[in-house]
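Data first, discussion second: the structure below is written as structure tokens.
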Amino acid sequence: MNGIIKITAILAAVVMAGCTGNQTFKLEKGDRIAIVGNSLAERMQHDGWLETYLQATYPDDQLVFRNLGYSGDQVHYRPRAHKGFGDSDSHLKNMRANVIFAFFGYNESFENKPEEFRQQLGSWIDHVRAQPYDSVKTARIVLFSPIAHENLETPNLPDGSENNVRLQAYTDAMAAVAKEKDVPFVDLFAATQKMYEDSETPLTLNGVHLNEKGNEEVARYIVETAFGSRVKMDPVAIDSLRSAVVDKNGYWFHRYRTISGNDVWGTRSIQDGNYATLQRELQMLDTMTANRDKRVWARAQGNDIEIDDSNVPEPLIVGTHITREVTYVDPEEAIDRMTFPDDLQVNLFASEKEFPEIAKPVAMQIDTKGQVWVASWATYPKWEPMRPMNDRLVTLTDTDNDGVADKATTFAFVPHPTGFEFWNDGVIVVSAPDILFLKDTTGDGVADVRTRLFGGIGSDDTHHTANNLIYGPDGNIYYQRGIFILENVETPWRKSDESGTPGLYRLNPRTFDFSFVVENSPNAHGISFDKWGNQFITDGTTGKAFQVYYDRKVTSTTDSSRFAKRPLFEPTVRPLTSNQLISSSNLPAQYQNNFLVYNVIGFQGMKRYRLDYKPQGVVEGTEIGNFLFTGDDPAFTPHTEAAPRVVPPDYTGDPNFRPSDGAVGLDGALYFADWQNAVITHSPYNLRDASRDQIHGRVYRITAKNKPIGPAVRVHGESVENLLELFKNPYDNIRHQARVELSGRNSDEVIKKAQAWAAKLDRSEKENALPLLEVLWLHQQHNRVNRELLVELLKSPEEHVRIAAQKVAWFWSERASHLAAPDPAGVPGMEFRIGYESFWADRDSSRAGTPDAAHAGHGKETAKTPSKGKAAAAPALDFREKETAALTIVAVRMEFDVSEFTVKAGQRVELTLDNQDLMQHNLLIVAPGAADEVAGLAIDLQEEGLAKAYVPESGKVLHHTGLLDGHTKEVLSFRAPTAPGDYPFVCTFPGHAPVMRGVMHVK
């Protein structure tokens, strides 16, 4: 039972005082308030001020608040990755809303069509008034205008003058609709303009998104204006109440914005009981959130209660697919099982034995102090309700310089930290759907600043979400992301960037800009830069690697600029988690500028490639050896991850060894993380498979044998002059660390001293070409244009410098450098996305107008929902009356569009496989009942799989295509078997067989 505990602090009376004008709205006992809208609405839940003040104003009324805000939302258009998420009506019904606070207008304003916005808003109000979400009566609505764009008086951000003209027009349009529909309206535009003028400190992060102080001021204004009340409560009591609100909102956020939605309601929900398992967890989170409402109500009254979660439903019991005995090799013993070159040595730097904080290290970095950082994703693949949330960023310190960590410090707890990078004396980390900035301002090694830089990052599949963050030489933070997820990122610069396209993206933490870069499918992981700024990316699923390059095409009438990619080398292992360029003061010369790929299935180690530099900036890679792997056979193949792995008795490796990421330290040692897990795949295992490990994780250290480790280069705290000198250092990681350190220094000082330093460099010395390029990049990083230096480097005798300068020229020119992601048609998962609200999508076109081109094809439903195991309503074809059975099977979105067809025994068959997908697929006709067996044999091919098109040598494989790249075709001609029966056809690319299959009936 909940025990009542009286708060010791005295709770001052809440004074109800009328403000200027009439009170226009009053909440009633038991009201259930939904907060809907764009990022203005979404971000309110994290600071909690609006609910805190309203709960204090209505302490006896047991109000329920649920935030349904979503980055990028518009009143008529609210894109989601999968219709299984539900439209806005379904969520309002789920929470039984009878009051709706609506915050729209910002994203719509970029269309500059206020009259159309009036139609959209009016239609939405009419629609809501026809929906009894609480099954009793229709919801009451309060409209809130967009806030004004604050001029932060910095060259890094727009001043808001253009935005404010549009925002004023949209505010006026909203006011007109409110008057017409007799709906309460709060003008936040005019109010925030006044707040900005009166405030001594900024109220927004970037001009358009409120910071914590801004949210507090706006919340106070709303309570005073819309509710005619002034809150007077003891600050200690307010803080206590707000902490309860924020805690409750955290559980709700995990419920409404649940990550891995593709497993909850999407295409992978059909696999191994995911749907039932994860829907139960949503119920658990609903109950846990409701339990925390009670503490909010108690604290609003000056009381307190203990949280009682005894009523939370039990999670469903999930078994395991792993049939072997799972044992974890001792971290020291694991080194004895590794194979690596004779001139290198490996030692254990840290493990779960001494530091349980580093369980499941998904990413790692080295900071400017030389400390090793790991992102510990202990709750992988997603946090489970009623269990601790132990995900975190951890620093590992070697205090006595013996090559072994002595101390671990939790810098910050961060849910599912899939990637991070250092910038501006802090850390930028992905915690989808947000990108956070964390900073320690007290020097204790623990973050005390937490800012949401960006929202709207795709979280619909945690295996594919933003990863491998890296601070590029141009000042952007780059990341990759895969399929199944939809992003919708708001910035001060333009309409929200919506994208379902997998690939490389960039964001600028200084300017708050965001852009697509280049497509990379299906599961993009891994980013590296070489010393000239050449960028290399890899795809996790296929193992492919690419060079990303600047592609400008000029004709007599056009001038187009974009990023493009070209193959770096032929892949030999898959899948990959990351890549790395070796540049180390300690490792022998033959490893310098080697490109490493990190493989976690099959090879289970790091492959090494030589990079050859060709004319016109082309870089080509050639495999030159195995850098490190577990066991003694780099071609070891008899195991699978999409089915229970079988480890033979003579296997000498560690079956759970999963090298996930690596970095070179300031002393030249190479550190790499070992994920350590028996289950690493998301398909076809249940997300709660009992064999998923959440305990183990290691960091190893590689150094040269018989070569002492040198002293670490000093970076942290060094003067600007000393940091500029590091641009002459021959090692990439040192120059990168200098950039990171300079990102936190005063830009005016940095640029002034950099220009003076560069002026002293002898242009006739070839070795000064790279330091001059670093200074040019430094201007980019601090958003300062230096045309004189740019023109000089565009004429540099060093070709690599000229090519790099061309990219800088593009970004500094009038040519648009922001790239919108291409339409994700054909991207797996995106066929189930939803966009337009039903009240707008279904309206008569003569009244609704034509949807804008940016949202074309984003209808309420764009495709069918998959059935349990194969494409729903896929056609069944009978060719027995034909001389030749000629048919085309289309592979798209991880499905065959034909589920079955019928032929005569011995009939001629001409089957065309048309791969319209972005992923590779094949098609095998196999003996009756042999689909699973053949698919398992294909996975067992491992390293040989790509070369053999994942077609195993088996008498049960009757006919097969090759492995087709996306948007290619192949005709398969054969005669049907003479024996009647049901002959399966299946794609045997690893992981595809469970959903890509059908039957050829022979009669």
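The way I read the labels, and the way they are meant: chains A, B, ... in the order of the structure tokens, residue 1 as the first residue of every chain, and ligand 1 as the first ligand shown, with later ones counted on from there.
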
Legend entry - Those of segment 704-737 of chain A in DSSP helix (DSSP H, G or I), formatted as a list in words: Val720, Glu721, Asn722, Leu723, Leu724, Glu725, Leu726, Phe727, Lys728, Asp732, Asn733, Ile734, Arg735, His736 and Gln737 of chain A

Selection to disk with all heavy atoms, as a compact mmCIF listing (two decimals), in the first residue's frame:
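Result file is result.txt:
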# COMPACT_ATOMS: atom_id res chain seq x y z
N VAL A 720 46.54 27.77 -27.24
CA VAL A 720 46.16 27.74 -28.65
C VAL A 720 47.39 27.60 -29.53
O VAL A 720 47.40 26.85 -30.52
CB VAL A 720 45.34 29.00 -29.02
CG1 VAL A 720 45.12 29.08 -30.53
CG2 VAL A 720 44.02 29.02 -28.28
N GLU A 721 48.47 28.31 -29.18
CA GLU A 721 49.71 28.24 -29.97
C GLU A 721 50.26 26.81 -30.01
O GLU A 721 50.67 26.32 -31.08
CB GLU A 721 50.76 29.19 -29.39
CG GLU A 721 50.45 30.66 -29.56
CD GLU A 721 49.54 31.22 -28.48
OE1 GLU A 721 49.04 30.42 -27.64
OE2 GLU A 721 49.33 32.44 -28.45
N ASN A 722 50.26 26.14 -28.88
CA ASN A 722 50.76 24.76 -28.84
C ASN A 722 49.86 23.81 -29.61
O ASN A 722 50.33 22.86 -30.25
CB ASN A 722 50.90 24.29 -27.40
CG ASN A 722 52.06 24.93 -26.68
OD1 ASN A 722 52.91 25.58 -27.30
ND2 ASN A 722 52.11 24.78 -25.36
N LEU A 723 48.56 24.05 -29.54
CA LEU A 723 47.62 23.20 -30.28
C LEU A 723 47.79 23.39 -31.78
O LEU A 723 47.70 22.41 -32.55
CB LEU A 723 46.19 23.52 -29.85
CG LEU A 723 45.84 23.14 -28.41
CD1 LEU A 723 44.48 23.71 -28.02
CD2 LEU A 723 45.85 21.63 -28.22
N LEU A 724 48.05 24.60 -32.22
CA LEU A 724 48.29 24.83 -33.65
C LEU A 724 49.55 24.09 -34.10
O LEU A 724 49.59 23.54 -35.22
CB LEU A 724 48.42 26.32 -33.92
CG LEU A 724 47.14 27.15 -33.74
CD1 LEU A 724 47.44 28.64 -33.81
CD2 LEU A 724 46.09 26.77 -34.79
N GLU A 725 50.56 24.04 -33.26
CA GLU A 725 51.77 23.31 -33.61
C GLU A 725 51.49 21.83 -33.84
O GLU A 725 52.19 21.16 -34.60
CB GLU A 725 52.83 23.49 -32.52
CG GLU A 725 53.52 24.84 -32.53
CD GLU A 725 54.33 25.07 -33.80
OE1 GLU A 725 55.00 24.12 -34.26
OE2 GLU A 725 54.29 26.20 -34.33
N LEU A 726 50.47 21.31 -33.16
CA LEU A 726 50.12 19.90 -33.34
C LEU A 726 49.60 19.60 -34.74
O LEU A 726 49.54 18.44 -35.15
CB LEU A 726 49.08 19.47 -32.29
CG LEU A 726 49.58 19.41 -30.85
CD1 LEU A 726 48.44 19.00 -29.92
CD2 LEU A 726 50.75 18.45 -30.71
N PHE A 727 49.22 20.64 -35.49
CA PHE A 727 48.80 20.43 -36.87
C PHE A 727 49.97 19.98 -37.75
O PHE A 727 49.77 19.53 -38.87
CB PHE A 727 48.17 21.69 -37.45
CG PHE A 727 46.78 21.97 -36.95
CD1 PHE A 727 46.26 23.26 -36.97
CD2 PHE A 727 45.97 20.95 -36.47
CE1 PHE A 727 44.98 23.52 -36.51
CE2 PHE A 727 44.70 21.19 -36.01
CZ PHE A 727 44.19 22.49 -36.02
N LYS A 728 51.18 20.07 -37.23
CA LYS A 728 52.35 19.55 -37.94
C LYS A 728 52.63 18.09 -37.58
O LYS A 728 53.50 17.46 -38.18
CB LYS A 728 53.58 20.40 -37.60
CG LYS A 728 53.51 21.84 -38.06
CD LYS A 728 54.76 22.60 -37.65
CE LYS A 728 54.75 24.05 -38.09
NZ LYS A 728 55.97 24.77 -37.66
N ASP A 732 47.34 11.21 -37.57
CA ASP A 732 45.99 11.75 -37.75
C ASP A 732 45.26 11.95 -36.43
O ASP A 732 44.54 12.93 -36.25
CB ASP A 732 45.16 10.81 -38.64
CG ASP A 732 45.75 10.63 -40.02
OD1 ASP A 732 46.74 11.33 -40.35
OD2 ASP A 732 45.23 9.79 -40.78
N ASN A 733 45.44 10.98 -35.51
CA ASN A 733 44.68 11.07 -34.26
C ASN A 733 45.10 12.27 -33.42
O ASN A 733 44.29 12.88 -32.72
CB ASN A 733 44.82 9.78 -33.45
CG ASN A 733 46.22 9.55 -32.93
OD1 ASN A 733 47.20 9.63 -33.68
ND2 ASN A 733 46.35 9.26 -31.64
N ILE A 734 46.35 12.66 -33.51
CA ILE A 734 46.82 13.82 -32.74
C ILE A 734 46.24 15.10 -33.32
O ILE A 734 45.78 15.99 -32.58
CB ILE A 734 48.36 13.88 -32.73
CG1 ILE A 734 48.94 12.58 -32.13
CG2 ILE A 734 48.83 15.11 -31.97
CD1 ILE A 734 48.48 12.29 -30.72
N ARG A 735 46.25 15.23 -34.64
CA ARG A 735 45.66 16.43 -35.26
C ARG A 735 44.16 16.49 -34.99
O ARG A 735 43.59 17.56 -34.76
CB ARG A 735 45.95 16.47 -36.75
CG ARG A 735 47.45 16.57 -37.08
CD ARG A 735 47.70 16.90 -38.55
NE ARG A 735 46.95 16.02 -39.43
CZ ARG A 735 47.35 14.79 -39.79
NH1 ARG A 735 48.49 14.30 -39.30
NH2 ARG A 735 46.62 14.06 -40.59
N HIS A 736 43.51 15.33 -35.00
CA HIS A 736 42.08 15.29 -34.68
C HIS A 736 41.83 15.78 -33.25
O HIS A 736 40.91 16.56 -33.00
CB HIS A 736 41.55 13.86 -34.85
CG HIS A 736 40.11 13.70 -34.45
ND1 HIS A 736 39.05 14.01 -35.27
CD2 HIS A 736 39.55 13.27 -33.28
CE1 HIS A 736 37.91 13.79 -34.64
NE2 HIS A 736 38.19 13.33 -33.43
N GLN A 737 42.65 15.32 -32.32
CA GLN A 737 42.49 15.75 -30.93
C GLN A 737 42.73 17.25 -30.78
O GLN A 737 42.07 17.91 -29.96
CB GLN A 737 43.43 14.96 -30.02
CG GLN A 737 43.15 13.46 -29.94
CD GLN A 737 41.87 13.14 -29.19
OE1 GLN A 737 41.10 14.02 -28.83
NE2 GLN A 737 41.62 11.86 -28.96

Legend entry - Near-segment 689-704 of chain A list (8 Å; only C-alpha atoms; drop same-chain fewer than 4 positions) as a ChimeraX atom specification: /A:318-322,326,331,343-352,356,358-361,378-380,403,586-588,668-680,685,708-709

Select from segment 207-247 of chain A every residue with an atom at most 12 Å from any atom of segment 59-64 of chain A, then for each give the shortest pair of atoms and their distance in Å to one decimal, using only C-alpha atoms, rows by chain and rising number, as CSV.
residue,atom,partner,partner_atom,distance
A:Val231,CA,A:Pro59,CA,11.3
A:Met233,CA,A:Pro59,CA,11.5
A:Leu241,CA,A:Pro59,CA,10.8
A:Val245,CA,A:Val64,CA,10.6

Would you mind exporting the chosen residues as a PDB file, in the first residue's frame, restricted to C-alpha atoms?
ATOM      1  CA  VAL A 231       1.648  30.082  -8.710  1.00  0.00           C
ATOM      2  CA  MET A 233       4.850  27.839  -3.942  1.00  0.00           C
ATOM      3  CA  LEU A 241       7.012  18.452  -7.527  1.00  0.00           C
ATOM      4  CA  VAL A 245       6.773  15.216 -12.969  1.00  0.00           C
TER       5      VAL A 245
END

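The spacing separating atom CA of Lys705 of chain A from atom CA of Pro730 of chain A amounts to 21.5 Å.
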
Distance query Pro202 of chain A at most 9 Å, only C-alpha atoms, self and fewer than 2 positions along chain excluded, as a PDB file with all heavy atoms, in the first residue's frame:
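around01.pdb was written with the following content:
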ATOM      1  N   GLU A 150      14.128  33.757 -31.572  1.00  0.00           N
ATOM      2  CA  GLU A 150      14.981  34.648 -30.798  1.00  0.00           C
ATOM      3  C   GLU A 150      16.266  34.947 -31.566  1.00  0.00           C
ATOM      4  O   GLU A 150      16.936  34.036 -32.063  1.00  0.00           O
ATOM      5  CB  GLU A 150      15.329  34.003 -29.448  1.00  0.00           C
ATOM      6  CG  GLU A 150      16.176  34.878 -28.545  1.00  0.00           C
ATOM      7  CD  GLU A 150      16.502  34.203 -27.221  1.00  0.00           C
ATOM      8  OE1 GLU A 150      16.453  32.960 -27.144  1.00  0.00           O
ATOM      9  OE2 GLU A 150      16.807  34.931 -26.254  1.00  0.00           O
ATOM     10  N   LEU A 152      19.825  35.486 -31.359  1.00  0.00           N
ATOM     11  CA  LEU A 152      20.909  35.247 -30.403  1.00  0.00           C
ATOM     12  C   LEU A 152      22.167  36.030 -30.763  1.00  0.00           C
ATOM     13  O   LEU A 152      23.202  35.868 -30.096  1.00  0.00           O
ATOM     14  CB  LEU A 152      21.209  33.753 -30.316  1.00  0.00           C
ATOM     15  CG  LEU A 152      20.067  32.908 -29.734  1.00  0.00           C
ATOM     16  CD1 LEU A 152      20.403  31.428 -29.785  1.00  0.00           C
ATOM     17  CD2 LEU A 152      19.744  33.329 -28.316  1.00  0.00           C
ATOM     18  N   TYR A 196      12.145  37.750 -24.687  1.00  0.00           N
ATOM     19  CA  TYR A 196      13.505  37.852 -25.198  1.00  0.00           C
ATOM     20  C   TYR A 196      14.090  39.235 -24.906  1.00  0.00           C
ATOM     21  O   TYR A 196      15.271  39.361 -24.559  1.00  0.00           O
ATOM     22  CB  TYR A 196      13.544  37.595 -26.703  1.00  0.00           C
ATOM     23  CG  TYR A 196      13.018  36.247 -27.152  1.00  0.00           C
ATOM     24  CD1 TYR A 196      12.501  36.067 -28.432  1.00  0.00           C
ATOM     25  CD2 TYR A 196      13.040  35.145 -26.305  1.00  0.00           C
ATOM     26  CE1 TYR A 196      12.026  34.840 -28.865  1.00  0.00           C
ATOM     27  CE2 TYR A 196      12.565  33.901 -26.725  1.00  0.00           C
ATOM     28  CZ  TYR A 196      12.050  33.759 -28.007  1.00  0.00           C
ATOM     29  OH  TYR A 196      11.567  32.539 -28.436  1.00  0.00           O
ATOM     30  N   SER A 199      14.820  39.442 -20.996  1.00  0.00           N
ATOM     31  CA  SER A 199      15.714  38.469 -20.369  1.00  0.00           C
ATOM     32  C   SER A 199      17.173  38.848 -20.578  1.00  0.00           C
ATOM     33  O   SER A 199      17.589  39.262 -21.665  1.00  0.00           O
ATOM     34  CB  SER A 199      15.466  37.072 -20.937  1.00  0.00           C
ATOM     35  OG  SER A 199      16.346  36.136 -20.361  1.00  0.00           O
ATOM     36  N   GLU A 200      17.968  38.690 -19.529  1.00  0.00           N
ATOM     37  CA  GLU A 200      19.397  38.969 -19.613  1.00  0.00           C
ATOM     38  C   GLU A 200      20.168  37.790 -20.193  1.00  0.00           C
ATOM     39  O   GLU A 200      21.321  37.940 -20.598  1.00  0.00           O
ATOM     40  CB  GLU A 200      19.936  39.309 -18.225  1.00  0.00           C
ATOM     41  CG  GLU A 200      19.357  40.584 -17.635  1.00  0.00           C
ATOM     42  CD  GLU A 200      19.941  40.902 -16.274  1.00  0.00           C
ATOM     43  OE1 GLU A 200      20.755  40.077 -15.784  1.00  0.00           O
ATOM     44  OE2 GLU A 200      19.596  41.952 -15.701  1.00  0.00           O
ATOM     45  N   THR A 204      16.455  30.420 -25.600  1.00  0.00           N
ATOM     46  CA  THR A 204      16.439  29.318 -26.553  1.00  0.00           C
ATOM     47  C   THR A 204      17.853  28.794 -26.767  1.00  0.00           C
ATOM     48  O   THR A 204      18.838  29.480 -26.490  1.00  0.00           O
ATOM     49  CB  THR A 204      15.863  29.749 -27.917  1.00  0.00           C
ATOM     50  OG1 THR A 204      16.718  30.745 -28.490  1.00  0.00           O
ATOM     51  CG2 THR A 204      14.446  30.284 -27.782  1.00  0.00           C
ATOM     52  N   LEU A 205      17.930  27.568 -27.293  1.00  0.00           N
ATOM     53  CA  LEU A 205      19.222  26.971 -27.624  1.00  0.00           C
ATOM     54  C   LEU A 205      19.761  27.528 -28.922  1.00  0.00           C
ATOM     55  O   LEU A 205      20.960  27.765 -29.071  1.00  0.00           O
ATOM     56  CB  LEU A 205      19.082  25.457 -27.782  1.00  0.00           C
ATOM     57  CG  LEU A 205      18.548  24.655 -26.605  1.00  0.00           C
ATOM     58  CD1 LEU A 205      18.311  23.225 -27.046  1.00  0.00           C
ATOM     59  CD2 LEU A 205      19.526  24.702 -25.460  1.00  0.00           C
ATOM     60  N   GLY A 207      17.556  29.713 -31.126  1.00  0.00           N
ATOM     61  CA  GLY A 207      16.608  30.679 -31.649  1.00  0.00           C
ATOM     62  C   GLY A 207      15.191  30.165 -31.702  1.00  0.00           C
ATOM     63  O   GLY A 207      14.240  30.953 -31.614  1.00  0.00           O
ATOM     64  N   LEU A 210      13.268  26.163 -27.056  1.00  0.00           N
ATOM     65  CA  LEU A 210      13.443  26.730 -25.730  1.00  0.00           C
ATOM     66  C   LEU A 210      14.448  25.929 -24.903  1.00  0.00           C
ATOM     67  O   LEU A 210      14.470  24.689 -24.963  1.00  0.00           O
ATOM     68  CB  LEU A 210      12.106  26.760 -24.984  1.00  0.00           C
ATOM     69  CG  LEU A 210      11.016  27.675 -25.578  1.00  0.00           C
ATOM     70  CD1 LEU A 210       9.682  27.432 -24.875  1.00  0.00           C
ATOM     71  CD2 LEU A 210      11.424  29.143 -25.463  1.00  0.00           C
ATOM     72  N   ASN A 211      15.254  26.636 -24.137  1.00  0.00           N
ATOM     73  CA  ASN A 211      16.072  25.972 -23.137  1.00  0.00           C
ATOM     74  C   ASN A 211      15.253  25.831 -21.849  1.00  0.00           C
ATOM     75  O   ASN A 211      14.059  26.156 -21.828  1.00  0.00           O
ATOM     76  CB  ASN A 211      17.390  26.725 -22.897  1.00  0.00           C
ATOM     77  CG  ASN A 211      17.175  28.182 -22.470  1.00  0.00           C
ATOM     78  OD1 ASN A 211      16.133  28.525 -21.892  1.00  0.00           O
ATOM     79  ND2 ASN A 211      18.150  29.030 -22.749  1.00  0.00           N
ATOM     80  N   LYS A 213      15.284  27.434 -19.006  1.00  0.00           N
ATOM     81  CA  LYS A 213      14.774  28.711 -18.512  1.00  0.00           C
ATOM     82  C   LYS A 213      13.631  29.210 -19.388  1.00  0.00           C
ATOM     83  O   LYS A 213      12.618  29.731 -18.890  1.00  0.00           O
ATOM     84  CB  LYS A 213      15.904  29.737 -18.483  1.00  0.00           C
ATOM     85  CG  LYS A 213      15.490  31.123 -17.993  1.00  0.00           C
ATOM     86  CD  LYS A 213      15.022  31.093 -16.550  1.00  0.00           C
ATOM     87  CE  LYS A 213      14.731  32.495 -16.032  1.00  0.00           C
ATOM     88  NZ  LYS A 213      14.152  32.461 -14.655  1.00  0.00           N
ATOM     89  N   GLY A 214      13.772  29.032 -20.696  1.00  0.00           N
ATOM     90  CA  GLY A 214      12.704  29.446 -21.600  1.00  0.00           C
ATOM     91  C   GLY A 214      11.426  28.671 -21.375  1.00  0.00           C
ATOM     92  O   GLY A 214      10.323  29.235 -21.394  1.00  0.00           O
TER      93      GLY A 214
END

Inset, instruction - Rank A:Ala754, A:Ala712, A:Arg242, A:Ile141 by their smallest atom-to-atom distance to Asp398 of chain A, using only C-alpha atoms, and report the top residue only. - result: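 That would be A:Ala712, the residue with the smallest distance to Asp398 of chain A.
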
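If you measure from each of A:Pro417, A:Leu27, A:His960, A:Thr52 to Pro235 of chain A using only C-alpha atoms, the closest one turns out to be A:Thr52.
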
Inset, instruction - Name the residues of segment 886-993 of chain A that fall into strand (DSSP E or B) according to DSSP on the backbone, using the chain letters and numbers of this document, as number ranges by chain. - result: A: 886-892, 895-896, 900-903, 908-915, 921, 924-926, 957-960, 964, 968-975, 981-986

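Residue neighbourhood of Thr397 of chain A, excluding near-sequence residues (fewer than 2 positions): Gln371, Val372, Thr395, Thr399, Ala405, Asp406, Lys407 and Ala408 of chain A, at 8 Å, using only C-alpha atoms.
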
Requested write-out: N, CA, C and O atoms of the selected residues, as a compact mmCIF listing (two decimals), in the first residue's frame:
# COMPACT_ATOMS: atom_id res chain seq x y z
N GLN A 371 42.22 9.68 -21.94
CA GLN A 371 41.36 8.69 -21.29
C GLN A 371 40.57 7.90 -22.33
O GLN A 371 40.13 8.45 -23.35
N VAL A 372 40.36 6.63 -22.06
CA VAL A 372 39.53 5.78 -22.90
C VAL A 372 38.08 5.91 -22.44
O VAL A 372 37.80 5.76 -21.24
N THR A 395 34.39 6.64 -18.39
CA THR A 395 35.79 6.94 -18.66
C THR A 395 36.66 5.93 -17.92
O THR A 395 36.42 5.60 -16.77
N THR A 399 46.06 5.45 -14.41
CA THR A 399 46.73 6.47 -13.59
C THR A 399 48.22 6.25 -13.46
O THR A 399 48.99 7.19 -13.26
N ALA A 405 43.81 -0.14 -17.13
CA ALA A 405 42.95 0.84 -16.47
C ALA A 405 42.92 0.60 -14.97
O ALA A 405 42.85 -0.54 -14.50
N ASP A 406 42.98 1.68 -14.21
CA ASP A 406 42.92 1.60 -12.74
C ASP A 406 41.62 2.15 -12.19
O ASP A 406 41.27 1.88 -11.04
N LYS A 407 40.91 2.95 -13.00
CA LYS A 407 39.75 3.66 -12.47
C LYS A 407 38.69 3.76 -13.56
O LYS A 407 39.00 4.03 -14.72
N ALA A 408 37.44 3.56 -13.17
CA ALA A 408 36.30 3.76 -14.07
C ALA A 408 35.36 4.77 -13.43
O ALA A 408 35.04 4.66 -12.25

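Note that the spacing between atom CA of Lys26 of chain A and atom CA of Ala178 of chain A amounts to 16.8 Å.
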
Got a sec: who's within 8 Å of Gly105 of chain A, counting only C-alpha atoms, leaving out chain neighbours fewer than 6 positions off, as a PDB file with N, CA and C atoms, in the first residue's frame?
ATOM      1  N   GLN A  74       3.251  18.507 -37.958  1.00  0.00           N
ATOM      2  CA  GLN A  74       2.396  19.594 -38.404  1.00  0.00           C
ATOM      3  C   GLN A  74       0.959  19.188 -38.110  1.00  0.00           C
ATOM      4  N   VAL A  75       0.070  20.140 -38.111  1.00  0.00           N
ATOM      5  CA  VAL A  75      -1.298  19.832 -37.704  1.00  0.00           C
ATOM      6  C   VAL A  75      -1.935  18.822 -38.645  1.00  0.00           C
ATOM      7  N   PHE A 117      -2.886  26.969 -43.955  1.00  0.00           N
ATOM      8  CA  PHE A 117      -2.784  26.582 -42.550  1.00  0.00           C
ATOM      9  C   PHE A 117      -4.106  26.814 -41.825  1.00  0.00           C
ATOM     10  N   SER A 145       0.095  29.492 -30.095  1.00  0.00           N
ATOM     11  CA  SER A 145       0.823  29.900 -31.293  1.00  0.00           C
ATOM     12  C   SER A 145       2.269  29.434 -31.214  1.00  0.00           C
ATOM     13  N   PRO A 146       2.974  29.430 -32.339  1.00  0.00           N
ATOM     14  CA  PRO A 146       4.423  29.180 -32.267  1.00  0.00           C
ATOM     15  C   PRO A 146       5.116  30.315 -31.512  1.00  0.00           C
ATOM     16  N   LEU A 167       6.158  33.534 -39.007  1.00  0.00           N
ATOM     17  CA  LEU A 167       5.550  33.090 -37.749  1.00  0.00           C
ATOM     18  C   LEU A 167       4.453  34.045 -37.289  1.00  0.00           C
ATOM     19  N   TYR A 170       1.407  33.218 -39.306  1.00  0.00           N
ATOM     20  CA  TYR A 170       0.769  31.976 -38.868  1.00  0.00           C
ATOM     21  C   TYR A 170       0.106  32.162 -37.508  1.00  0.00           C
ATOM     22  N   THR A 171       0.677  32.988 -36.672  1.00  0.00           N
ATOM     23  CA  THR A 171       0.019  33.312 -35.401  1.00  0.00           C
ATOM     24  C   THR A 171      -1.303  34.016 -35.655  1.00  0.00           C
TER      25      THR A 171
END

Legend entry - Option closest in space to Met894 of chain A, from A:Leu946, A:Leu770, A:Val99, A:Met830 [counting only C-alpha atoms]: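 Of A:Leu946, A:Leu770, A:Val99, A:Met830, the one nearest Met894 of chain A, counting only C-alpha atoms, is A:Met830.
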
Inset, instruction - Grab the atom CA of Ile147 of chain A to atom CA of Leu188 of chain A distance for me, in Å with one decimal place. - result: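 Atom CA of Leu188 of chain A lies at a distance of 5.1 Å from atom CA of Ile147 of chain A.
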
Inset, instruction - Could you tell me which of A:Arg481, A:His716, A:Arg975, A:Arg784 comes closest to His525 of chain A if we count only C-alpha atoms? - result: A:Arg481

Legend entry - Selected residue, from A:Arg387, A:Ala935, A:Arg908, A:Phe989, that lies nearest to Arg574 of chain A when counting only C-alpha atoms: A:Phe989

Legend entry - Pick from A:Tyr478, A:Arg299, A:Gly533, A:His779 nearest to Val236 of chain A, counting only C-alpha atoms: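 Residue with the minimum atom-to-atom distance to Val236 of chain A: A:Arg299.
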
Inset, instruction - Write out as a list in words the residues lying within 10 Å of Gln131 of chain A, counting only C-alpha atoms and excluding same-chain residues fewer than 4 positions away. - result: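 Those residues are Asp89, Leu92, Lys93, Asn98, Asp126, His127, Ser135, Val136, Lys137, Thr138 and Ala139 of chain A.
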